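Enquirer: Have a peek at entry.csv (CSV, C-alpha atoms).
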```csv
chain,number,residue,atom,x,y,z
A,1,MET,CA,159.1,6.2,-109.0
A,2,ASP,CA,156.0,4.6,-110.6
A,3,SER,CA,155.0,2.2,-113.2
A,4,GLY,CA,155.3,4.8,-115.9
A,5,ALA,CA,157.9,7.1,-114.6
A,6,GLY,CA,161.4,7.8,-115.9
A,7,PRO,CA,163.0,8.5,-119.2
A,8,ALA,CA,162.8,4.8,-120.1
A,9,GLY,CA,159.1,5.3,-120.8
A,10,ALA,CA,155.8,4.3,-119.2
A,11,SER,CA,154.7,0.8,-119.7
A,12,GLY,CA,152.0,0.7,-117.0
A,13,SER,CA,153.7,-2.1,-115.0
A,14,ARG,CA,156.2,-2.2,-112.2
A,15,PRO,CA,158.8,-4.1,-114.4
A,16,GLY,CA,158.7,-1.0,-116.7
A,17,ARG,CA,160.0,1.0,-113.7
A,18,ARG,CA,162.8,-1.4,-113.1
A,19,ARG,CA,163.8,-1.2,-116.8
A,20,CYS,CA,163.8,2.5,-116.3
A,21,MET,CA,166.2,2.2,-113.4
A,22,THR,CA,168.5,-0.1,-115.4
A,23,ALA,CA,168.7,2.6,-118.1
A,24,LEU,CA,169.8,5.2,-115.6
A,25,ALA,CA,173.5,4.5,-116.0
A,26,ALA,CA,173.1,5.2,-119.7
A,27,TRP,CA,171.5,8.5,-118.9
A,28,ALA,CA,174.5,9.4,-116.7
A,29,LEU,CA,176.9,8.7,-119.6
A,30,SER,CA,174.8,10.8,-121.9
A,31,SER,CA,174.6,13.6,-119.3
A,32,ALA,CA,178.4,13.6,-118.9
A,33,ALA,CA,178.8,13.9,-122.7
A,34,ALA,CA,176.3,16.7,-122.8
A,35,CYS,CA,177.5,18.7,-119.8
A,36,GLY,CA,181.2,18.1,-120.3
A,37,SER,CA,182.0,18.6,-116.6
A,38,PRO,CA,181.0,17.5,-113.1
A,39,ASP,CA,178.3,19.3,-111.2
A,40,PRO,CA,179.4,22.9,-110.6
A,41,PRO,CA,179.6,24.1,-107.0
A,42,ALA,CA,176.7,26.1,-105.6
A,43,ARG,CA,177.3,29.8,-105.2
A,44,GLU,CA,178.0,31.1,-101.7
A,45,SER,CA,176.7,34.5,-100.7
A,46,PRO,CA,177.0,35.0,-97.0
A,47,GLY,CA,175.3,37.9,-95.4
A,48,ARG,CA,172.8,38.4,-98.3
A,49,LYS,CA,169.1,38.6,-97.7
A,50,THR,CA,167.0,35.4,-98.3
A,51,PRO,CA,165.4,34.9,-101.6
A,52,GLY,CA,162.2,36.4,-100.2
A,53,GLY,CA,164.0,39.7,-99.3
A,54,THR,CA,163.9,39.0,-95.6
A,55,ARG,CA,166.8,38.3,-93.2
A,56,ARG,CA,167.4,34.7,-92.1
A,57,GLY,CA,165.0,34.0,-89.2
A,58,GLU,CA,162.3,36.4,-90.6
A,59,ALA,CA,159.3,34.6,-92.0
A,60,PRO,CA,157.8,35.8,-95.3
A,61,ASP,CA,154.3,37.3,-95.2
A,62,PRO,CA,152.1,34.1,-95.2
A,63,SER,CA,149.1,35.9,-96.7
A,64,ALA,CA,151.0,36.9,-99.8
A,65,ALA,CA,150.7,33.5,-101.4
A,66,HIS,CA,146.9,33.4,-101.0
A,67,ARG,CA,146.0,36.8,-102.4
A,68,PRO,CA,144.0,36.5,-105.6
A,69,VAL,CA,146.0,37.5,-108.7
A,70,ARG,CA,145.1,37.6,-112.3
A,71,GLU,CA,148.2,35.9,-113.6
A,72,GLY,CA,150.4,33.3,-112.0
A,73,ARG,CA,153.6,31.4,-113.0
A,74,LEU,CA,153.7,27.7,-113.9
A,75,PHE,CA,156.9,25.5,-113.8
A,76,LEU,CA,156.8,22.2,-115.6
A,77,GLY,CA,159.0,19.2,-114.9
A,78,THR,CA,159.9,16.6,-117.5
A,79,TYR,CA,162.5,14.1,-118.6
A,80,THR,CA,165.2,15.5,-120.9
A,81,SER,CA,166.7,12.0,-121.6
A,82,GLN,CA,163.5,10.4,-122.8
A,83,ASP,CA,162.5,10.4,-126.5
A,84,GLY,CA,160.0,13.2,-127.0
A,85,GLY,CA,160.8,14.7,-123.6
A,86,GLY,CA,161.5,18.3,-122.9
A,87,SER,CA,164.8,20.2,-123.0
A,88,GLY,CA,164.7,21.6,-119.5
A,89,ILE,CA,162.2,23.1,-117.0
A,90,GLY,CA,159.2,24.4,-118.9
A,91,LEU,CA,158.1,28.0,-118.2
A,92,ALA,CA,154.5,29.2,-118.5
A,93,THR,CA,151.9,31.6,-117.1
A,94,TYR,CA,148.3,30.9,-116.2
A,95,ASP,CA,145.3,33.1,-116.1
A,96,GLU,CA,143.7,32.9,-112.6
A,97,ILE,CA,140.2,33.6,-114.0
A,98,THR,CA,140.1,31.6,-117.2
A,99,GLY,CA,142.6,28.9,-116.3
A,100,ARG,CA,144.3,29.3,-119.7
A,101,VAL,CA,148.0,28.4,-119.7
A,102,THR,CA,150.5,30.2,-122.0
A,103,GLY,CA,154.0,28.9,-122.6
A,104,THR,CA,156.9,31.4,-122.1
A,105,GLY,CA,159.9,29.3,-122.8
A,106,THR,CA,162.3,26.7,-121.3
A,107,LEU,CA,165.1,26.9,-118.8
A,108,THR,CA,167.7,24.7,-120.5
A,109,GLY,CA,170.8,23.1,-119.1
A,110,VAL,CA,169.0,21.3,-116.3
A,111,PRO,CA,169.0,17.5,-116.9
A,112,ASP,CA,165.9,15.4,-116.1
A,113,PRO,CA,164.1,17.9,-113.8
A,114,SER,CA,161.3,15.5,-113.0
A,115,TYR,CA,160.1,17.0,-109.7
A,116,LEU,CA,160.1,20.7,-108.6
A,117,ALA,CA,159.7,22.6,-105.4
A,118,LEU,CA,159.7,26.3,-104.4
A,119,HIS,CA,161.5,27.9,-101.5
A,120,PRO,CA,158.9,29.4,-99.0
A,121,SER,CA,160.0,32.9,-100.2
A,122,GLY,CA,159.0,32.0,-103.8
A,123,ARG,CA,162.3,33.4,-105.1
A,124,THR,CA,164.2,30.1,-105.6
A,125,LEU,CA,163.1,27.0,-107.5
A,126,TYR,CA,164.6,23.5,-106.9
A,127,CYS,CA,164.5,20.4,-109.0
A,128,VAL,CA,165.8,16.9,-108.8
A,129,ASN,CA,168.1,15.6,-111.6
A,130,GLU,CA,166.6,12.1,-111.8
A,131,ARG,CA,169.7,10.1,-113.0
A,132,GLU,CA,171.8,7.3,-111.7
A,133,LYS,CA,174.2,9.8,-110.2
A,134,GLY,CA,171.5,11.9,-108.6
A,135,GLY,CA,171.6,15.7,-108.2
A,136,VAL,CA,169.5,18.6,-107.0
A,137,THR,CA,169.6,22.0,-108.7
A,138,ALA,CA,168.8,25.5,-107.5
A,139,VAL,CA,167.4,28.2,-109.8
A,140,ALA,CA,167.1,31.9,-108.8
A,141,LEU,CA,163.9,33.2,-110.2
A,142,SER,CA,163.7,36.7,-111.8
A,143,SER,CA,160.6,38.8,-112.5
A,144,ASP,CA,161.9,39.5,-116.0
A,145,GLY,CA,162.2,35.8,-116.8
A,146,LYS,CA,166.0,35.8,-116.8
A,147,HIS,CA,166.3,33.0,-114.3
A,148,GLU,CA,169.7,31.9,-113.2
A,149,VAL,CA,170.9,28.4,-112.4
A,150,LEU,CA,172.8,28.7,-109.1
A,151,GLY,CA,174.4,25.3,-109.2
A,152,THR,CA,173.9,21.6,-108.7
A,153,ARG,CA,174.8,19.3,-105.8
A,154,GLY,CA,175.2,15.6,-105.8
A,155,THR,CA,172.6,13.8,-103.6
A,156,GLY,CA,174.6,10.6,-102.9
A,157,GLY,CA,171.7,8.5,-104.1
A,158,ALA,CA,170.4,7.0,-107.3
A,159,GLY,CA,167.3,8.3,-109.2
A,160,PRO,CA,166.1,11.2,-107.0
A,161,CYS,CA,162.4,11.5,-107.7
A,162,HIS,CA,161.1,13.9,-105.0
A,163,LEU,CA,162.3,16.9,-103.0
A,164,SER,CA,160.8,19.5,-100.6
A,165,VAL,CA,162.0,22.5,-98.7
A,166,HIS,CA,161.9,22.5,-94.9
A,167,PRO,CA,159.5,25.2,-93.6
A,168,SER,CA,162.5,27.1,-92.1
A,169,GLY,CA,163.8,27.6,-95.7
A,170,ARG,CA,167.3,26.4,-94.5
A,171,TRP,CA,167.2,22.7,-95.7
A,172,LEU,CA,166.4,20.9,-98.9
A,173,LEU,CA,165.3,17.3,-98.6
A,174,SER,CA,165.4,14.7,-101.4
A,175,ALA,CA,164.2,11.1,-101.9
A,176,HIS,CA,165.9,8.5,-104.1
A,177,TYR,CA,163.9,5.8,-105.7
A,178,GLY,CA,166.8,3.9,-107.0
A,179,SER,CA,168.8,3.6,-103.8
A,180,GLY,CA,166.0,3.9,-101.3
A,181,SER,CA,167.5,6.8,-99.4
A,182,VAL,CA,166.9,10.4,-98.4
A,183,ALA,CA,169.4,13.3,-98.3
A,184,VAL,CA,169.7,16.7,-96.8
A,185,HIS,CA,171.3,19.8,-98.3
A,186,PRO,CA,171.8,23.3,-96.6
A,187,ILE,CA,170.3,26.3,-98.3
A,188,ASP,CA,172.3,29.5,-98.0
A,189,ASP,CA,171.0,33.1,-97.9
A,190,SER,CA,171.0,33.4,-101.7
A,191,GLY,CA,168.9,30.2,-102.1
A,192,ALA,CA,172.0,28.2,-103.4
A,193,LEU,CA,172.7,24.8,-102.1
A,194,GLY,CA,175.7,23.6,-100.0
A,195,GLU,CA,177.2,20.2,-99.9
A,196,ARG,CA,174.9,17.6,-98.4
A,197,THR,CA,175.0,17.2,-94.7
A,198,ASP,CA,173.4,13.7,-94.5
A,199,VAL,CA,172.1,10.8,-96.6
A,200,VAL,CA,170.2,7.9,-94.9
A,201,ALA,CA,169.4,4.6,-96.5
A,202,HIS,CA,166.3,2.6,-95.7
A,203,SER,CA,167.8,-0.8,-94.7
A,204,ALA,CA,164.7,-2.1,-92.8
A,205,PRO,CA,162.1,-3.5,-92.9
A,206,PRO,CA,162.7,-6.0,-95.8
A,207,PRO,CA,161.2,-5.3,-99.2
A,208,GLY,CA,157.6,-5.9,-99.9
A,209,PRO,CA,156.2,-8.5,-102.4
A,210,GLY,CA,157.8,-8.2,-105.8
A,211,GLN,CA,160.3,-5.5,-104.7
A,212,GLU,CA,164.0,-6.0,-104.8
A,213,GLY,CA,164.8,-3.3,-102.3
A,214,PRO,CA,163.7,0.0,-100.8
A,215,HIS,CA,162.4,2.8,-103.1
A,216,ALA,CA,162.1,6.1,-101.3
A,217,HIS,CA,159.4,8.0,-103.2
A,218,GLN,CA,158.8,11.1,-101.1
A,219,VAL,CA,160.2,13.1,-98.3
A,220,ILE,CA,158.3,15.9,-96.5
A,221,THR,CA,158.1,17.8,-93.2
A,222,SER,CA,155.2,17.7,-90.8
A,223,PRO,CA,153.1,20.9,-90.7
A,224,ASP,CA,154.7,21.9,-87.3
A,225,GLY,CA,158.2,21.4,-88.7
A,226,ARG,CA,159.2,18.9,-85.9
A,227,HIS,CA,159.5,15.7,-88.0
A,228,VAL,CA,160.6,14.6,-91.5
A,229,LEU,CA,158.6,11.8,-93.1
A,230,ALA,CA,160.0,9.6,-95.9
A,231,VAL,CA,157.5,7.4,-97.9
A,232,ASP,CA,159.1,4.2,-99.2
A,233,LEU,CA,157.2,2.2,-101.8
A,234,GLY,CA,159.7,-0.7,-101.8
A,235,ASN,CA,159.3,-1.7,-98.2
A,236,ASP,CA,155.7,-0.5,-97.7
A,237,THR,CA,156.8,1.9,-94.9
A,238,VAL,CA,156.7,5.5,-93.9
A,239,HIS,CA,159.9,6.4,-91.9
A,240,THR,CA,159.8,9.3,-89.4
A,241,TYR,CA,162.9,11.3,-88.6
A,242,ARG,CA,164.0,14.3,-86.5
A,243,LEU,CA,166.1,16.8,-88.3
A,244,ASP,CA,168.9,18.5,-86.4
A,245,GLY,CA,168.4,22.1,-87.3
A,246,ASP,CA,172.0,23.0,-86.7
A,247,ALA,CA,173.9,20.0,-88.2
A,248,GLY,CA,171.4,19.1,-90.9
A,249,THR,CA,171.3,15.4,-90.0
A,250,LEU,CA,168.4,12.9,-89.7
A,251,ARG,CA,167.7,10.6,-86.8
A,252,GLN,CA,164.9,8.0,-87.2
A,253,VAL,CA,162.4,8.0,-84.3
A,254,SER,CA,159.6,5.7,-85.6
A,255,HIS,CA,158.2,4.0,-88.7
A,256,ALA,CA,154.8,2.8,-89.8
A,257,THR,CA,154.5,-0.2,-92.1
A,258,LEU,CA,151.5,-0.8,-94.3
A,259,ARG,CA,150.1,-4.1,-95.4
A,260,PRO,CA,152.4,-6.0,-97.7
A,261,GLY,CA,152.3,-4.9,-101.4
A,262,ALA,CA,150.5,-1.6,-100.7
A,263,GLY,CA,153.3,0.4,-102.3
A,264,PRO,CA,152.9,3.8,-100.5
A,265,ARG,CA,153.9,6.6,-102.8
A,266,HIS,CA,152.9,10.1,-101.6
A,267,LEU,CA,151.6,11.4,-98.2
A,268,THR,CA,149.7,14.7,-97.7
A,269,PHE,CA,148.8,16.2,-94.3
A,270,HIS,CA,145.5,17.6,-93.2
A,271,PRO,CA,145.9,21.2,-92.1
A,272,SER,CA,145.2,20.3,-88.5
A,273,GLY,CA,148.5,18.3,-88.5
A,274,ARG,CA,146.7,15.4,-86.8
A,275,PHE,CA,145.9,13.3,-89.8
A,276,ALA,CA,147.6,12.4,-93.1
A,277,TYR,CA,146.4,10.8,-96.3
A,278,LEU,CA,148.5,8.2,-98.1
A,279,ALA,CA,148.2,7.2,-101.8
A,280,ASN,CA,149.2,3.6,-102.3
A,281,GLU,CA,150.4,3.0,-105.8
A,282,LEU,CA,150.5,-0.7,-106.0
A,283,ASP,CA,147.2,-1.8,-104.4
A,284,ASP,CA,145.2,1.1,-105.8
A,285,THR,CA,144.0,2.5,-102.4
A,286,VAL,CA,144.1,5.5,-100.1
A,287,VAL,CA,144.6,5.3,-96.4
A,288,VAL,CA,143.8,7.8,-93.6
A,289,CYS,CA,146.6,7.9,-91.0
A,290,ALA,CA,146.3,9.3,-87.5
A,291,TYR,CA,149.4,11.3,-86.7
A,292,ASP,CA,150.9,12.2,-83.3
A,293,PRO,CA,152.8,15.5,-83.6
A,294,ALA,CA,154.7,15.0,-80.4
A,295,THR,CA,156.3,11.6,-81.3
A,296,GLY,CA,156.0,11.7,-85.1
A,297,ARG,CA,154.2,8.3,-85.0
A,298,LEU,CA,151.9,7.5,-87.9
A,299,ARG,CA,149.0,5.0,-87.5
A,300,PRO,CA,147.5,3.9,-90.8
A,301,GLY,CA,143.8,3.1,-91.0
A,302,GLU,CA,141.9,0.8,-93.4
A,303,PRO,CA,142.4,1.0,-97.2
A,304,GLN,CA,139.8,3.0,-99.1
A,305,SER,CA,138.6,3.2,-102.7
A,306,THR,CA,140.2,5.5,-105.3
A,307,GLY,CA,137.1,5.5,-107.4
A,308,SER,CA,138.9,3.7,-110.2
A,309,GLY,CA,136.8,0.5,-110.1
A,310,GLY,CA,140.0,-1.6,-109.9
A,311,GLY,CA,142.3,-2.8,-112.6
A,312,GLY,CA,145.4,-1.0,-114.0
A,313,ASN,CA,145.2,2.1,-111.8
A,314,TYR,CA,148.1,3.6,-110.0
A,315,PRO,CA,147.2,6.4,-107.6
A,316,ALA,CA,149.9,9.1,-107.7
A,317,GLN,CA,149.3,12.0,-105.3
A,318,LEU,CA,146.8,13.7,-103.0
A,319,ALA,CA,146.1,17.4,-102.4
A,320,VAL,CA,144.1,18.8,-99.5
A,321,THR,CA,142.5,22.2,-99.5
A,322,ARG,CA,143.8,24.8,-97.0
A,323,GLU,CA,140.5,24.7,-95.0
A,324,GLY,CA,140.7,20.9,-94.9
A,325,ARG,CA,137.3,20.4,-96.4
A,326,PHE,CA,138.2,18.5,-99.6
A,327,ALA,CA,140.9,16.2,-100.9
A,328,PHE,CA,141.8,15.3,-104.5
A,329,LEU,CA,143.6,12.3,-105.8
A,330,ALA,CA,145.3,11.8,-109.2
A,331,ASN,CA,144.5,8.4,-110.7
A,332,ARG,CA,146.9,7.1,-113.4
A,333,GLY,CA,145.4,4.5,-115.6
A,334,HIS,CA,141.8,5.4,-114.7
A,335,ASP,CA,143.0,8.9,-115.8
A,336,SER,CA,140.8,10.7,-113.4
A,337,LEU,CA,140.7,12.9,-110.3
A,338,ALA,CA,139.0,11.4,-107.3
A,339,ARG,CA,137.1,13.9,-105.1
A,340,TYR,CA,136.8,13.4,-101.4
A,341,ALA,CA,134.9,15.2,-98.6
A,342,VAL,CA,137.0,15.5,-95.5
A,343,GLU,CA,135.0,14.7,-92.4
A,344,GLY,CA,135.5,14.3,-88.7
A,345,GLY,CA,138.1,17.0,-88.4
A,346,GLY,CA,140.3,15.2,-90.9
A,347,ALA,CA,139.7,11.7,-89.6
A,348,ARG,CA,137.6,10.5,-92.5
A,349,LEU,CA,137.6,10.7,-96.3
A,350,ARG,CA,134.3,10.2,-98.1
A,351,LEU,CA,134.5,9.6,-101.9
A,352,LEU,CA,132.3,12.0,-103.8
A,353,GLY,CA,133.1,10.7,-107.3
A,354,THR,CA,135.7,11.1,-110.1
A,355,VAL,CA,136.3,13.5,-112.9
A,356,PRO,CA,138.2,12.7,-116.2
A,357,VAL,CA,141.5,14.6,-116.5
A,358,ARG,CA,141.2,14.8,-120.3
A,359,GLY,CA,144.7,13.4,-120.5
A,360,GLU,CA,146.7,10.2,-119.9
A,361,PHE,CA,148.5,9.1,-116.7
A,362,PRO,CA,148.2,12.2,-114.4
A,363,ARG,CA,151.5,11.9,-112.6
A,364,HIS,CA,151.2,15.0,-110.5
A,365,LEU,CA,148.6,17.4,-109.3
A,366,ALA,CA,148.7,20.7,-107.5
A,367,LEU,CA,146.4,23.5,-106.3
A,368,SER,CA,147.2,27.0,-107.2
A,369,PRO,CA,148.1,29.3,-104.3
A,370,SER,CA,144.6,30.8,-104.3
A,371,GLU,CA,143.1,27.2,-104.6
A,372,ARG,CA,140.8,28.5,-107.3
A,373,LEU,CA,142.6,26.2,-109.8
A,374,LEU,CA,143.9,22.6,-109.8
A,375,PHE,CA,146.6,21.4,-112.3
A,376,THR,CA,147.4,17.9,-113.4
A,377,ALA,CA,150.6,16.9,-115.3
A,378,ASN,CA,149.6,14.1,-117.7
A,379,GLN,CA,152.7,12.2,-118.5
A,380,LYS,CA,151.6,10.0,-121.4
A,381,SER,CA,149.5,12.6,-123.3
A,382,ASP,CA,152.2,15.3,-123.0
A,383,SER,CA,149.7,17.7,-121.5
A,384,VAL,CA,148.7,19.8,-118.4
A,385,SER,CA,145.0,20.0,-117.5
A,386,VAL,CA,143.5,22.9,-115.5
A,387,PHE,CA,140.3,22.7,-113.4
A,388,HIS,CA,138.3,25.3,-111.7
A,389,VAL,CA,137.7,24.4,-108.1
A,390,ASP,CA,134.4,25.0,-106.4
A,391,ARG,CA,135.5,25.7,-102.8
A,392,ARG,CA,132.0,25.3,-101.4
A,393,GLY,CA,131.2,21.8,-102.8
A,394,GLY,CA,134.5,20.5,-104.1
A,395,GLU,CA,133.4,20.2,-107.7
A,396,LEU,CA,136.0,20.4,-110.5
A,397,ARG,CA,135.3,21.9,-113.9
A,398,LEU,CA,137.8,21.7,-116.8
A,399,ALA,CA,139.0,25.3,-117.4
A,400,ASP,CA,140.3,25.1,-121.0
A,401,LYS,CA,141.7,22.6,-123.4
A,402,PRO,CA,144.8,20.9,-122.0
A,403,PHE,CA,148.1,22.7,-122.5
A,404,ARG,CA,150.7,20.8,-124.5
A,405,ALA,CA,153.9,20.0,-122.6
A,406,PRO,CA,156.4,17.3,-123.5
A,407,VAL,CA,156.3,14.4,-121.1
A,408,ALA,CA,154.7,16.5,-118.4
A,409,VAL,CA,155.5,14.9,-115.0
A,410,CYS,CA,155.2,17.9,-112.7
A,411,ALA,CA,153.1,21.1,-112.8
A,412,LEU,CA,154.0,23.6,-110.1
A,413,PRO,CA,151.8,26.8,-110.0
A,414,ALA,CA,153.1,29.9,-108.2
A,415,THR,CA,152.1,33.5,-107.7
A,416,ALA,CA,153.4,36.1,-110.1
A,417,SER,CA,156.8,37.5,-109.0
```
Translate the structure of the given file into structure tokens.
Expert:
Amino acid sequence: MDSGAGPAGASGSRPGRRRCMTALAAWALSSAAACGSPDPPARESPGRKTPGGTRRGEAPDPSAAHRPVREGRLFLGTYTSQDGGGSGIGLATYDEITGRVTGTGTLTGVPDPSYLALHPSGRTLYCVNEREKGGVTAVALSSDGKHEVLGTRGTGGAGPCHLSVHPSGRWLLSAHYGSGSVAVHPIDDSGALGERTDVVAHSAPPPGPGQEGPHAHQVITSPDGRHVLAVDLGNDTVHTYRLDGDAGTLRQVSHATLRPGAGPRHLTFHPSGRFAYLANELDDTVVVCAYDPATGRLRPGEPQSTGSGGGGNYPAQLAVTREGRFAFLANRGHDSLARYAVEGGGARLRLLGTVPVRGEFPRHLALSPSERLLFTANQKSDSVSVFHVDRRGGELRLADKPFRAPVAVCALPATAS
């Protein structure tokens, strides 16, 4: 995951992450004692409408997510096994104008929900269960706050740390840091998950310097939906797959290997689909990659500065604005947000400067659906910071005092239901 990730704590070094993974077996035992039974089967509801109220094959209204609203929803990921961690998925609302966050409760009964993702319809929330015996959980969201856990499915991998929903809304993809693999689960018409249809381990190339094996850290779909890309920190490689839309299986078609010891963590596409930006956790750099949509081939460029000045910084994640004019990077250690101007139609990033996050170890960042606000989940300070985004110049201004959230490792804003 990262140098400070996981219920074992955040030491600020890669060995700390390895100690975290060693402790995963203990979490699994405590989970079994707490839950008292294996993962329940996901609910099947054939013939129902999708979580967005449309029939399968009908796309939800794409403009709905971008309409300005006064109040939005905020979902918070955490570690339930870590001392001082949360007790489930944190629930909150945010004010679109002021940026103020208000807690509304916790969805309990979901173990170690460290990373979250929404179905394209906005009606179902998914989370990883980051444990030795990994799982993914589906939650049906309700406008009255009475959210329902639809069930959990085993991923067939250890320590799942990232997940995403295919643009079709039919498949859930998950990445496993511990076992260096990615998995696929079908999504039924109710938003619930079926048994996994594939799990693929990264057996090549060999691990990078100081790594004992592959560590899949992210899995996403290209903007056109044609390819699935898995970022592996352990072998310094981005693997490209084709997803069989009927069988739910992955077939590797190419891979791009970065310089040894880069430690690629998260990749974000430019809206054009022709370029992608990669945050390298271990060598404290970002890389602009050219991307060929026809073949899925990624071509990394030269490493660039994160604005940290070097020393003890571990870049976490990038976000790019919808118009493709600006990009933002979460710097853990430097505890800042780097601001970039995107130039050359996406081919270049120009560092504009950094802004303090007013928290420690910003593990995750996300733009609100309107892109008027940017959120950071600050793992070591148990807080979420909110910034106003100037869409003309890319400036960031802290909106309010940081919101308290135990071991905040993911902050996912969404429109009001």
Enquirer: At a cut-off of 8 Å from (157.0, -6.8, -99.9) in the coordinates of the file, what residues are picked up using all atoms listed in the file, written as JSON, numbers by chain?
Expert: {"A": [206, 207, 208, 209, 210, 211, 234, 235, 236, 260, 261]}
Enquirer: Set the distance at 7 Å and use only C-alpha atoms: which residues neighbour range 131-147 of chain A once local chain neighbours fewer than 5 positions away are removed? I'd like the list as a PyMOL selection string.
Expert: chain A and resi 24-25+27-28+123-126+152-160+192-193+417
Enquirer: Would you output that residue set with C-alpha atoms, as a short mmCIF file (atom, residue, chain, number, x, y, z; two decimals), in the frame of the given file?
Expert:
```
data_model
loop_
_atom_site.label_atom_id
_atom_site.label_comp_id
_atom_site.auth_asym_id
_atom_site.auth_seq_id
_atom_site.Cartn_x
_atom_site.Cartn_y
_atom_site.Cartn_z
CA LEU A 24 169.80 5.20 -115.60
CA ALA A 25 173.50 4.50 -116.00
CA TRP A 27 171.50 8.50 -118.90
CA ALA A 28 174.50 9.40 -116.70
CA ARG A 123 162.30 33.40 -105.10
CA THR A 124 164.20 30.10 -105.60
CA LEU A 125 163.10 27.00 -107.50
CA TYR A 126 164.60 23.50 -106.90
CA THR A 152 173.90 21.60 -108.70
CA ARG A 153 174.80 19.30 -105.80
CA GLY A 154 175.20 15.60 -105.80
CA THR A 155 172.60 13.80 -103.60
CA GLY A 156 174.60 10.60 -102.90
CA GLY A 157 171.70 8.50 -104.10
CA ALA A 158 170.40 7.00 -107.30
CA GLY A 159 167.30 8.30 -109.20
CA PRO A 160 166.10 11.20 -107.00
CA ALA A 192 172.00 28.20 -103.40
CA LEU A 193 172.70 24.80 -102.10
CA SER A 417 156.80 37.50 -109.00
#
```
Enquirer: As an exercise, work out the distance from CA of Thr415 in chain A to CA of Leu163 in chain A in Å and give it to one decimal place.
Expert: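 It comes out at 20.0 Å.
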Enquirer: Just how far from CA of Ala327 in chain A is CA of Arg339 in chain A, in Å to one decimal?
Expert: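 Computing the Euclidean distance for CA of Arg339 in chain A and CA of Ala327 in chain A yields 6.1 Å.
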Enquirer: Could you check which of A:Val200, A:Leu267, A:Leu243, A:Ala262 is closest to His217 in chain A, using all atoms listed in the file?
Expert: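 For His217 in chain A, the nearest of the candidates is A:Leu267.
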